[in-house]
$ cat run_26.cif   # mmCIF, N, CA and C atoms
data_run
#
loop_
_atom_site.label_atom_id
_atom_site.label_comp_id
_atom_site.auth_asym_id
_atom_site.auth_seq_id
_atom_site.Cartn_x
_atom_site.Cartn_y
_atom_site.Cartn_z
N MET P 1 -29.72 -67.05 -54.66
CA MET P 1 -29.19 -66.08 -53.72
C MET P 1 -29.80 -64.72 -54.01
N GLY P 2 -29.96 -63.94 -53.00
CA GLY P 2 -30.55 -62.64 -53.19
C GLY P 2 -29.86 -61.59 -52.36
N TYR P 3 -30.62 -60.53 -52.11
CA TYR P 3 -30.07 -59.42 -51.34
C TYR P 3 -29.59 -59.89 -49.96
N GLY P 4 -30.41 -60.68 -49.31
CA GLY P 4 -30.10 -61.13 -47.96
C GLY P 4 -28.82 -61.95 -47.89
N SER P 5 -28.61 -62.80 -48.87
CA SER P 5 -27.39 -63.61 -48.89
C SER P 5 -26.16 -62.73 -49.06
N GLY P 6 -26.25 -61.75 -49.92
CA GLY P 6 -25.12 -60.83 -50.11
C GLY P 6 -24.80 -60.05 -48.86
N ILE P 7 -25.84 -59.55 -48.20
CA ILE P 7 -25.63 -58.79 -46.97
C ILE P 7 -25.08 -59.70 -45.87
N ALA P 8 -25.58 -60.93 -45.79
CA ALA P 8 -25.08 -61.87 -44.78
C ALA P 8 -23.60 -62.17 -45.00
N LEU P 9 -23.19 -62.38 -46.25
CA LEU P 9 -21.78 -62.63 -46.53
C LEU P 9 -20.92 -61.42 -46.16
N ILE P 10 -21.41 -60.23 -46.43
CA ILE P 10 -20.66 -59.03 -46.08
C ILE P 10 -20.51 -58.92 -44.56
N VAL P 11 -21.57 -59.17 -43.82
CA VAL P 11 -21.52 -59.08 -42.35
C VAL P 11 -20.59 -60.13 -41.77
N ILE P 12 -20.70 -61.37 -42.22
CA ILE P 12 -19.83 -62.43 -41.71
C ILE P 12 -18.38 -62.13 -42.05
N GLY P 13 -18.13 -61.64 -43.25
CA GLY P 13 -16.77 -61.28 -43.63
C GLY P 13 -16.21 -60.15 -42.80
N ALA P 14 -17.05 -59.15 -42.51
CA ALA P 14 -16.60 -58.03 -41.68
C ALA P 14 -16.29 -58.49 -40.26
N ILE P 15 -17.07 -59.40 -39.74
CA ILE P 15 -16.80 -59.93 -38.40
C ILE P 15 -15.47 -60.67 -38.39
N LEU P 16 -15.25 -61.50 -39.40
CA LEU P 16 -13.98 -62.24 -39.46
C LEU P 16 -12.79 -61.31 -39.66
N ALA P 17 -12.95 -60.27 -40.47
CA ALA P 17 -11.82 -59.40 -40.79
C ALA P 17 -11.50 -58.41 -39.68
N PHE P 18 -12.52 -57.91 -39.00
CA PHE P 18 -12.29 -56.80 -38.08
C PHE P 18 -12.50 -57.13 -36.60
N ALA P 19 -13.32 -58.12 -36.28
CA ALA P 19 -13.70 -58.32 -34.88
C ALA P 19 -13.02 -59.50 -34.21
N ILE P 20 -12.53 -60.44 -34.96
CA ILE P 20 -11.95 -61.64 -34.36
C ILE P 20 -10.43 -61.56 -34.44
N ASN P 21 -9.78 -61.72 -33.29
CA ASN P 21 -8.32 -61.72 -33.23
C ASN P 21 -7.85 -63.06 -32.68
N VAL P 22 -7.82 -64.06 -33.53
CA VAL P 22 -7.39 -65.40 -33.13
C VAL P 22 -6.19 -65.77 -34.00
N ASP P 23 -5.13 -66.26 -33.36
CA ASP P 23 -3.95 -66.69 -34.11
C ASP P 23 -4.01 -68.20 -34.29
N LEU P 24 -4.08 -68.64 -35.51
CA LEU P 24 -4.17 -70.07 -35.80
C LEU P 24 -2.85 -70.61 -36.33
N ASP P 25 -1.72 -70.07 -35.85
CA ASP P 25 -0.37 -70.50 -36.20
C ASP P 25 -0.09 -70.42 -37.69
N GLY P 26 -0.63 -69.42 -38.36
CA GLY P 26 -0.36 -69.21 -39.77
C GLY P 26 -1.07 -70.17 -40.70
N PHE P 27 -1.85 -71.09 -40.15
CA PHE P 27 -2.53 -72.07 -41.01
C PHE P 27 -3.67 -71.42 -41.79
N VAL P 28 -4.46 -70.60 -41.13
CA VAL P 28 -5.58 -69.92 -41.76
C VAL P 28 -5.54 -68.45 -41.35
N ASP P 29 -5.63 -67.56 -42.31
CA ASP P 29 -5.67 -66.13 -42.01
C ASP P 29 -7.13 -65.66 -42.09
N LEU P 30 -7.72 -65.40 -40.92
CA LEU P 30 -9.13 -65.04 -40.87
C LEU P 30 -9.41 -63.69 -41.51
N LYS P 31 -8.44 -62.77 -41.48
CA LYS P 31 -8.64 -61.47 -42.12
C LYS P 31 -8.80 -61.64 -43.63
N THR P 32 -7.98 -62.48 -44.24
CA THR P 32 -8.08 -62.71 -45.68
C THR P 32 -9.40 -63.37 -46.03
N ILE P 33 -9.81 -64.35 -45.24
CA ILE P 33 -11.10 -65.00 -45.49
C ILE P 33 -12.23 -63.99 -45.34
N GLY P 34 -12.14 -63.12 -44.36
CA GLY P 34 -13.14 -62.08 -44.17
C GLY P 34 -13.24 -61.15 -45.36
N TYR P 35 -12.09 -60.73 -45.88
CA TYR P 35 -12.10 -59.85 -47.06
C TYR P 35 -12.68 -60.57 -48.28
N ILE P 36 -12.36 -61.84 -48.43
CA ILE P 36 -12.90 -62.62 -49.55
C ILE P 36 -14.42 -62.73 -49.43
N LEU P 37 -14.92 -62.99 -48.23
CA LEU P 37 -16.37 -63.09 -48.03
C LEU P 37 -17.06 -61.75 -48.27
N MET P 38 -16.44 -60.65 -47.85
CA MET P 38 -17.04 -59.33 -48.11
C MET P 38 -17.10 -59.05 -49.61
N GLY P 39 -16.03 -59.40 -50.33
CA GLY P 39 -16.05 -59.21 -51.79
C GLY P 39 -17.10 -60.06 -52.46
N ALA P 40 -17.21 -61.33 -52.03
CA ALA P 40 -18.22 -62.22 -52.61
C ALA P 40 -19.63 -61.71 -52.30
N GLY P 41 -19.83 -61.19 -51.09
CA GLY P 41 -21.13 -60.65 -50.73
C GLY P 41 -21.49 -59.44 -51.57
N ALA P 42 -20.50 -58.58 -51.84
CA ALA P 42 -20.76 -57.41 -52.68
C ALA P 42 -21.13 -57.84 -54.10
N VAL P 43 -20.45 -58.85 -54.62
CA VAL P 43 -20.75 -59.34 -55.97
C VAL P 43 -22.16 -59.93 -56.02
N VAL P 44 -22.53 -60.74 -55.02
CA VAL P 44 -23.87 -61.33 -54.98
C VAL P 44 -24.93 -60.25 -54.89
N PHE P 45 -24.68 -59.22 -54.06
CA PHE P 45 -25.65 -58.14 -53.91
C PHE P 45 -25.84 -57.39 -55.22
N VAL P 46 -24.75 -57.08 -55.92
CA VAL P 46 -24.85 -56.34 -57.19
C VAL P 46 -25.55 -57.17 -58.24
N ILE P 47 -25.23 -58.46 -58.33
CA ILE P 47 -25.89 -59.33 -59.31
C ILE P 47 -27.39 -59.42 -59.03
N SER P 48 -27.76 -59.54 -57.76
CA SER P 48 -29.19 -59.58 -57.40
C SER P 48 -29.89 -58.29 -57.77
N LEU P 49 -29.22 -57.17 -57.53
CA LEU P 49 -29.80 -55.87 -57.85
C LEU P 49 -30.00 -55.71 -59.36
N VAL P 50 -29.00 -56.08 -60.14
CA VAL P 50 -29.09 -55.96 -61.60
C VAL P 50 -30.19 -56.87 -62.15
N SER P 51 -30.25 -58.10 -61.66
CA SER P 51 -31.27 -59.02 -62.19
C SER P 51 -32.68 -58.56 -61.80
N ALA P 52 -32.84 -57.98 -60.62
CA ALA P 52 -34.16 -57.48 -60.22
C ALA P 52 -34.57 -56.29 -61.08
N LEU P 53 -33.64 -55.44 -61.41
CA LEU P 53 -33.97 -54.28 -62.25
C LEU P 53 -34.30 -54.70 -63.68
N ARG P 54 -33.63 -55.72 -64.18
CA ARG P 54 -33.91 -56.18 -65.54
C ARG P 54 -35.26 -56.88 -65.62
N ARG P 55 -35.68 -57.56 -64.56
CA ARG P 55 -36.96 -58.26 -64.56
C ARG P 55 -38.14 -57.31 -64.63
N LYS P 56 -38.00 -56.13 -64.08
CA LYS P 56 -39.13 -55.20 -64.00
C LYS P 56 -39.39 -54.46 -65.30
N GLN P 57 -38.49 -54.49 -66.25
CA GLN P 57 -38.68 -53.77 -67.50
C GLN P 57 -39.54 -54.59 -68.45
N SER P 58 -40.66 -54.02 -68.85
CA SER P 58 -41.54 -54.69 -69.80
C SER P 58 -42.30 -53.65 -70.61
N THR P 59 -42.74 -54.09 -71.78
CA THR P 59 -43.49 -53.22 -72.67
C THR P 59 -44.82 -53.89 -72.97
N SER P 60 -45.88 -53.13 -72.90
CA SER P 60 -47.21 -53.65 -73.18
C SER P 60 -47.82 -52.86 -74.33
N LEU P 61 -48.39 -53.57 -75.29
CA LEU P 61 -48.99 -52.94 -76.46
C LEU P 61 -50.41 -53.48 -76.62
N THR P 62 -51.38 -52.60 -76.71
CA THR P 62 -52.78 -52.99 -76.92
C THR P 62 -53.29 -52.29 -78.17
N ARG P 63 -53.84 -53.07 -79.09
CA ARG P 63 -54.40 -52.51 -80.33
C ARG P 63 -55.85 -52.92 -80.45
N LYS P 64 -56.69 -51.97 -80.83
CA LYS P 64 -58.10 -52.26 -81.10
C LYS P 64 -58.34 -51.99 -82.58
N VAL P 65 -58.81 -53.02 -83.25
CA VAL P 65 -59.12 -52.88 -84.68
C VAL P 65 -60.51 -53.47 -84.92
N ILE P 66 -61.10 -53.07 -86.00
CA ILE P 66 -62.41 -53.60 -86.39
C ILE P 66 -62.21 -54.50 -87.60
N ASP P 67 -62.70 -55.72 -87.46
CA ASP P 67 -62.59 -56.69 -88.54
C ASP P 67 -63.49 -56.22 -89.68
N PRO P 68 -62.93 -56.00 -90.89
CA PRO P 68 -63.75 -55.50 -92.00
C PRO P 68 -64.80 -56.50 -92.48
N ASN P 69 -64.59 -57.78 -92.27
CA ASN P 69 -65.54 -58.78 -92.75
C ASN P 69 -66.76 -58.90 -91.85
N THR P 70 -66.52 -58.89 -90.52
CA THR P 70 -67.63 -59.11 -89.60
C THR P 70 -68.07 -57.84 -88.88
N GLY P 71 -67.23 -56.82 -88.86
CA GLY P 71 -67.55 -55.59 -88.18
C GLY P 71 -67.35 -55.65 -86.67
N GLN P 72 -66.76 -56.75 -86.19
CA GLN P 72 -66.53 -56.90 -84.75
C GLN P 72 -65.21 -56.23 -84.36
N GLU P 73 -65.20 -55.76 -83.13
CA GLU P 73 -63.98 -55.15 -82.60
C GLU P 73 -63.04 -56.25 -82.11
N VAL P 74 -61.78 -56.17 -82.53
CA VAL P 74 -60.78 -57.16 -82.14
C VAL P 74 -59.72 -56.44 -81.32
N ILE P 75 -59.39 -57.02 -80.15
CA ILE P 75 -58.38 -56.44 -79.28
C ILE P 75 -57.16 -57.37 -79.28
N GLU P 76 -56.00 -56.81 -79.61
CA GLU P 76 -54.75 -57.57 -79.59
C GLU P 76 -53.87 -57.02 -78.48
N ARG P 77 -53.39 -57.89 -77.60
CA ARG P 77 -52.49 -57.48 -76.51
C ARG P 77 -51.17 -58.20 -76.66
N THR P 78 -50.09 -57.45 -76.55
CA THR P 78 -48.76 -58.02 -76.64
C THR P 78 -47.94 -57.52 -75.44
N ASN P 79 -47.34 -58.44 -74.69
CA ASN P 79 -46.46 -58.09 -73.59
C ASN P 79 -45.05 -58.57 -73.93
N ARG P 80 -44.08 -57.70 -73.72
CA ARG P 80 -42.70 -58.06 -74.04
C ARG P 80 -41.81 -57.58 -72.91
N SER P 81 -40.95 -58.47 -72.43
CA SER P 81 -39.97 -58.10 -71.43
C SER P 81 -38.67 -57.75 -72.12
N ASN P 82 -38.05 -56.68 -71.65
CA ASN P 82 -36.77 -56.26 -72.25
C ASN P 82 -35.63 -56.98 -71.61
#

$ encode --input "run_26.cif" --output "structure tokens"
Amino acid sequence: MGYGSGIALIVIGAILAFAINVDLDGFVDLKTIGYILMGAGAVVFVISLVSALRRKQSTSLTRKVIDPNTGQEVIERTNRSN
């Protein structure tokens, strides 16, 4: 699930909570279901946002050293995600 799923849940929940006025004889309360979907959509959106921000953090280290035995230049690269 991603940003789109969270936004879709929020929109569907808002439609159920605010735009539909159907009485189902107390069996199902569409306003409550709408509020639950909006809350779930907000949670999905926040989790997607946090995971996307954590994925982008990385550290790159490049070292150039000269091997004392052969005199050749050695390049070491290290990539680390936080």

$ atom_distance --input "run_26.cif" --atom1 "atom CA of Ala14 of chain P" --atom2 "atom CA of Gly26 of chain P"
19.8 Å

$ atom_distance --input "run_26.cif" --atom1 "atom N of Gly4 of chain P" --atom2 "atom CA of Phe45 of chain P"
7.1 Å

$ atom_distance --input "run_26.cif" --atom1 "atom N of Thr59 of chain P" --atom2 "atom C of Thr78 of chain P"
7.2 Å

$ select_by_dssp --input "run_26.cif" --residues "chain P" --states "helix (DSSP H, G or I)" --output "MDAnalysis selection string"
chainID P and resid 3:19 30:55

$ closest_residue --input "run_26.cif" --among "P:Ser5, P:Val65, P:Leu16, P:Ser48" --to "Asp29 of chain P" --atoms "all atoms listed in the file"
P:Leu16

$ resolve_selection --input "run_26.cif" --expression "the PyMOL selection byres ((chain P and resi 31-35) around 8)" --output "list in words"
Leu9, Ile10, Ile12, Gly13, Ala14, Ile15, Leu16, Ala17, Phe18, Ile20, Val28, Asp29, Leu30, Ile36, Leu37, Met38, Gly39, Ala40 and Gly41 of chain P

$ write_last_selection --input "run_26.cif" --atoms "N, CA and C atoms" --output "JSON list (two decimals), in the frame of the given file"
[["chain", "number", "residue", "atom", "x", "y", "z"],
["P", 9, "LEU", "N", -23.19, -62.38, -46.25],
["P", 9, "LEU", "CA", -21.78, -62.63, -46.53],
["P", 9, "LEU", "C", -20.92, -61.42, -46.16],
["P", 10, "ILE", "N", -21.41, -60.23, -46.43],
["P", 10, "ILE", "CA", -20.66, -59.03, -46.08],
["P", 10, "ILE", "C", -20.51, -58.92, -44.56],
["P", 12, "ILE", "N", -20.70, -61.37, -42.22],
["P", 12, "ILE", "CA", -19.83, -62.43, -41.71],
["P", 12, "ILE", "C", -18.38, -62.13, -42.05],
["P", 13, "GLY", "N", -18.13, -61.64, -43.25],
["P", 13, "GLY", "CA", -16.77, -61.28, -43.63],
["P", 13, "GLY", "C", -16.21, -60.15, -42.80],
["P", 14, "ALA", "N", -17.05, -59.15, -42.51],
["P", 14, "ALA", "CA", -16.60, -58.03, -41.68],
["P", 14, "ALA", "C", -16.29, -58.49, -40.26],
["P", 15, "ILE", "N", -17.07, -59.40, -39.74],
["P", 15, "ILE", "CA", -16.80, -59.93, -38.40],
["P", 15, "ILE", "C", -15.47, -60.67, -38.39],
["P", 16, "LEU", "N", -15.25, -61.50, -39.40],
["P", 16, "LEU", "CA", -13.98, -62.24, -39.46],
["P", 16, "LEU", "C", -12.79, -61.31, -39.66],
["P", 17, "ALA", "N", -12.95, -60.27, -40.47],
["P", 17, "ALA", "CA", -11.82, -59.40, -40.79],
["P", 17, "ALA", "C", -11.50, -58.41, -39.68],
["P", 18, "PHE", "N", -12.52, -57.91, -39.00],
["P", 18, "PHE", "CA", -12.29, -56.80, -38.08],
["P", 18, "PHE", "C", -12.50, -57.13, -36.60],
["P", 20, "ILE", "N", -12.53, -60.44, -34.96],
["P", 20, "ILE", "CA", -11.95, -61.64, -34.36],
["P", 20, "ILE", "C", -10.43, -61.56, -34.44],
["P", 28, "VAL", "N", -4.46, -70.60, -41.13],
["P", 28, "VAL", "CA", -5.58, -69.92, -41.76],
["P", 28, "VAL", "C", -5.54, -68.45, -41.35],
["P", 29, "ASP", "N", -5.63, -67.56, -42.31],
["P", 29, "ASP", "CA", -5.67, -66.13, -42.01],
["P", 29, "ASP", "C", -7.13, -65.66, -42.09],
["P", 30, "LEU", "N", -7.72, -65.40, -40.92],
["P", 30, "LEU", "CA", -9.13, -65.04, -40.87],
["P", 30, "LEU", "C", -9.41, -63.69, -41.51],
["P", 36, "ILE", "N", -12.36, -61.84, -48.43],
["P", 36, "ILE", "CA", -12.90, -62.62, -49.55],
["P", 36, "ILE", "C", -14.42, -62.73, -49.43],
["P", 37, "LEU", "N", -14.92, -62.99, -48.23],
["P", 37, "LEU", "CA", -16.37, -63.09, -48.03],
["P", 37, "LEU", "C", -17.06, -61.75, -48.27],
["P", 38, "MET", "N", -16.44, -60.65, -47.85],
["P", 38, "MET", "CA", -17.04, -59.33, -48.11],
["P", 38, "MET", "C", -17.10, -59.05, -49.61],
["P", 39, "GLY", "N", -16.03, -59.40, -50.33],
["P", 39, "GLY", "CA", -16.05, -59.21, -51.79],
["P", 39, "GLY", "C", -17.10, -60.06, -52.46],
["P", 40, "ALA", "N", -17.21, -61.33, -52.03],
["P", 40, "ALA", "CA", -18.22, -62.22, -52.61],
["P", 40, "ALA", "C", -19.63, -61.71, -52.30],
["P", 41, "GLY", "N", -19.83, -61.19, -51.09],
["P", 41, "GLY", "CA", -21.13, -60.65, -50.73],
["P", 41, "GLY", "C", -21.49, -59.44, -51.57]]

$ decode --input "run_26.cif" --residues "segment 8-30 of chain P" --atoms "N, CA, C and O atoms" --output "PDB file, in the first residue's frame"
ATOM      1  N   ALA P   8      -7.141   7.074  -1.196  1.00  0.00           N
ATOM      2  CA  ALA P   8      -8.390   6.441  -1.635  1.00  0.00           C
ATOM      3  C   ALA P   8      -9.256   6.058  -0.436  1.00  0.00           C
ATOM      4  O   ALA P   8     -10.480   6.266  -0.452  1.00  0.00           O
ATOM      5  N   LEU P   9      -8.651   5.506   0.608  1.00  0.00           N
ATOM      6  CA  LEU P   9      -9.420   5.155   1.802  1.00  0.00           C
ATOM      7  C   LEU P   9     -10.020   6.397   2.458  1.00  0.00           C
ATOM      8  O   LEU P   9     -11.168   6.366   2.923  1.00  0.00           O
ATOM      9  N   ILE P  10      -9.260   7.476   2.492  1.00  0.00           N
ATOM     10  CA  ILE P  10      -9.771   8.712   3.079  1.00  0.00           C
ATOM     11  C   ILE P  10     -10.958   9.234   2.268  1.00  0.00           C
ATOM     12  O   ILE P  10     -11.986   9.638   2.828  1.00  0.00           O
ATOM     13  N   VAL P  11     -10.854   9.220   0.950  1.00  0.00           N
ATOM     14  CA  VAL P  11     -11.937   9.721   0.093  1.00  0.00           C
ATOM     15  C   VAL P  11     -13.182   8.851   0.223  1.00  0.00           C
ATOM     16  O   VAL P  11     -14.300   9.361   0.372  1.00  0.00           O
ATOM     17  N   ILE P  12     -13.022   7.541   0.173  1.00  0.00           N
ATOM     18  CA  ILE P  12     -14.173   6.645   0.299  1.00  0.00           C
ATOM     19  C   ILE P  12     -14.819   6.809   1.675  1.00  0.00           C
ATOM     20  O   ILE P  12     -16.058   6.845   1.800  1.00  0.00           O
ATOM     21  N   GLY P  13     -14.007   6.930   2.706  1.00  0.00           N
ATOM     22  CA  GLY P  13     -14.552   7.143   4.046  1.00  0.00           C
ATOM     23  C   GLY P  13     -15.299   8.452   4.170  1.00  0.00           C
ATOM     24  O   GLY P  13     -16.361   8.526   4.795  1.00  0.00           O
ATOM     25  N   ALA P  14     -14.765   9.511   3.558  1.00  0.00           N
ATOM     26  CA  ALA P  14     -15.448  10.807   3.601  1.00  0.00           C
ATOM     27  C   ALA P  14     -16.778  10.750   2.854  1.00  0.00           C
ATOM     28  O   ALA P  14     -17.771  11.335   3.307  1.00  0.00           O
ATOM     29  N   ILE P  15     -16.821  10.038   1.757  1.00  0.00           N
ATOM     30  CA  ILE P  15     -18.082   9.897   1.019  1.00  0.00           C
ATOM     31  C   ILE P  15     -19.106   9.158   1.874  1.00  0.00           C
ATOM     32  O   ILE P  15     -20.271   9.564   1.968  1.00  0.00           O
ATOM     33  N   LEU P  16     -18.677   8.081   2.508  1.00  0.00           N
ATOM     34  CA  LEU P  16     -19.607   7.329   3.356  1.00  0.00           C
ATOM     35  C   LEU P  16     -20.061   8.138   4.570  1.00  0.00           C
ATOM     36  O   LEU P  16     -21.219   8.060   4.977  1.00  0.00           O
ATOM     37  N   ALA P  17     -19.163   8.909   5.158  1.00  0.00           N
ATOM     38  CA  ALA P  17     -19.490   9.630   6.380  1.00  0.00           C
ATOM     39  C   ALA P  17     -20.314  10.886   6.128  1.00  0.00           C
ATOM     40  O   ALA P  17     -21.197  11.221   6.929  1.00  0.00           O
ATOM     41  N   PHE P  18     -20.050  11.582   5.029  1.00  0.00           N
ATOM     42  CA  PHE P  18     -20.658  12.898   4.851  1.00  0.00           C
ATOM     43  C   PHE P  18     -21.661  13.000   3.699  1.00  0.00           C
ATOM     44  O   PHE P  18     -22.529  13.865   3.718  1.00  0.00           O
ATOM     45  N   ALA P  19     -21.555  12.151   2.689  1.00  0.00           N
ATOM     46  CA  ALA P  19     -22.363  12.356   1.490  1.00  0.00           C
ATOM     47  C   ALA P  19     -23.530  11.393   1.342  1.00  0.00           C
ATOM     48  O   ALA P  19     -24.466  11.676   0.612  1.00  0.00           O
ATOM     49  N   ILE P  20     -23.494  10.270   2.001  1.00  0.00           N
ATOM     50  CA  ILE P  20     -24.549   9.273   1.824  1.00  0.00           C
ATOM     51  C   ILE P  20     -25.467   9.294   3.039  1.00  0.00           C
ATOM     52  O   ILE P  20     -25.018   9.144   4.179  1.00  0.00           O
ATOM     53  N   ASN P  21     -26.759   9.449   2.779  1.00  0.00           N
ATOM     54  CA  ASN P  21     -27.761   9.437   3.842  1.00  0.00           C
ATOM     55  C   ASN P  21     -28.734   8.291   3.596  1.00  0.00           C
ATOM     56  O   ASN P  21     -29.834   8.481   3.081  1.00  0.00           O
ATOM     57  N   VAL P  22     -28.331   7.090   3.946  1.00  0.00           N
ATOM     58  CA  VAL P  22     -29.165   5.907   3.763  1.00  0.00           C
ATOM     59  C   VAL P  22     -29.389   5.283   5.127  1.00  0.00           C
ATOM     60  O   VAL P  22     -28.444   5.073   5.892  1.00  0.00           O
ATOM     61  N   ASP P  23     -30.641   4.969   5.440  1.00  0.00           N
ATOM     62  CA  ASP P  23     -30.958   4.320   6.716  1.00  0.00           C
ATOM     63  C   ASP P  23     -31.080   2.822   6.476  1.00  0.00           C
ATOM     64  O   ASP P  23     -31.926   2.367   5.705  1.00  0.00           O
ATOM     65  N   LEU P  24     -30.231   2.063   7.102  1.00  0.00           N
ATOM     66  CA  LEU P  24     -30.243   0.605   6.937  1.00  0.00           C
ATOM     67  C   LEU P  24     -30.833  -0.082   8.154  1.00  0.00           C
ATOM     68  O   LEU P  24     -30.416  -1.168   8.541  1.00  0.00           O
ATOM     69  N   ASP P  25     -31.811   0.541   8.808  1.00  0.00           N
ATOM     70  CA  ASP P  25     -32.529   0.003   9.966  1.00  0.00           C
ATOM     71  C   ASP P  25     -31.602  -0.338  11.123  1.00  0.00           C
ATOM     72  O   ASP P  25     -31.806  -1.318  11.831  1.00  0.00           O
ATOM     73  N   GLY P  26     -30.564   0.445  11.328  1.00  0.00           N
ATOM     74  CA  GLY P  26     -29.674   0.246  12.459  1.00  0.00           C
ATOM     75  C   GLY P  26     -28.717  -0.919  12.317  1.00  0.00           C
ATOM     76  O   GLY P  26     -27.946  -1.219  13.221  1.00  0.00           O
ATOM     77  N   PHE P  27     -28.787  -1.635  11.200  1.00  0.00           N
ATOM     78  CA  PHE P  27     -27.912  -2.796  11.027  1.00  0.00           C
ATOM     79  C   PHE P  27     -26.469  -2.369  10.783  1.00  0.00           C
ATOM     80  O   PHE P  27     -25.544  -2.930  11.366  1.00  0.00           O
ATOM     81  N   VAL P  28     -26.265  -1.376   9.930  1.00  0.00           N
ATOM     82  CA  VAL P  28     -24.940  -0.873   9.616  1.00  0.00           C
ATOM     83  C   VAL P  28     -24.979   0.649   9.676  1.00  0.00           C
ATOM     84  O   VAL P  28     -25.862   1.271   9.095  1.00  0.00           O
ATOM     85  N   ASP P  29     -24.038   1.240  10.390  1.00  0.00           N
ATOM     86  CA  ASP P  29     -23.949   2.698  10.456  1.00  0.00           C
ATOM     87  C   ASP P  29     -22.845   3.153   9.498  1.00  0.00           C
ATOM     88  O   ASP P  29     -21.651   2.963   9.756  1.00  0.00           O
ATOM     89  N   LEU P  30     -23.266   3.742   8.370  1.00  0.00           N
ATOM     90  CA  LEU P  30     -22.308   4.134   7.343  1.00  0.00           C
ATOM     91  C   LEU P  30     -21.393   5.264   7.803  1.00  0.00           C
ATOM     92  O   LEU P  30     -20.250   5.356   7.360  1.00  0.00           O
TER      93      LEU P  30
END
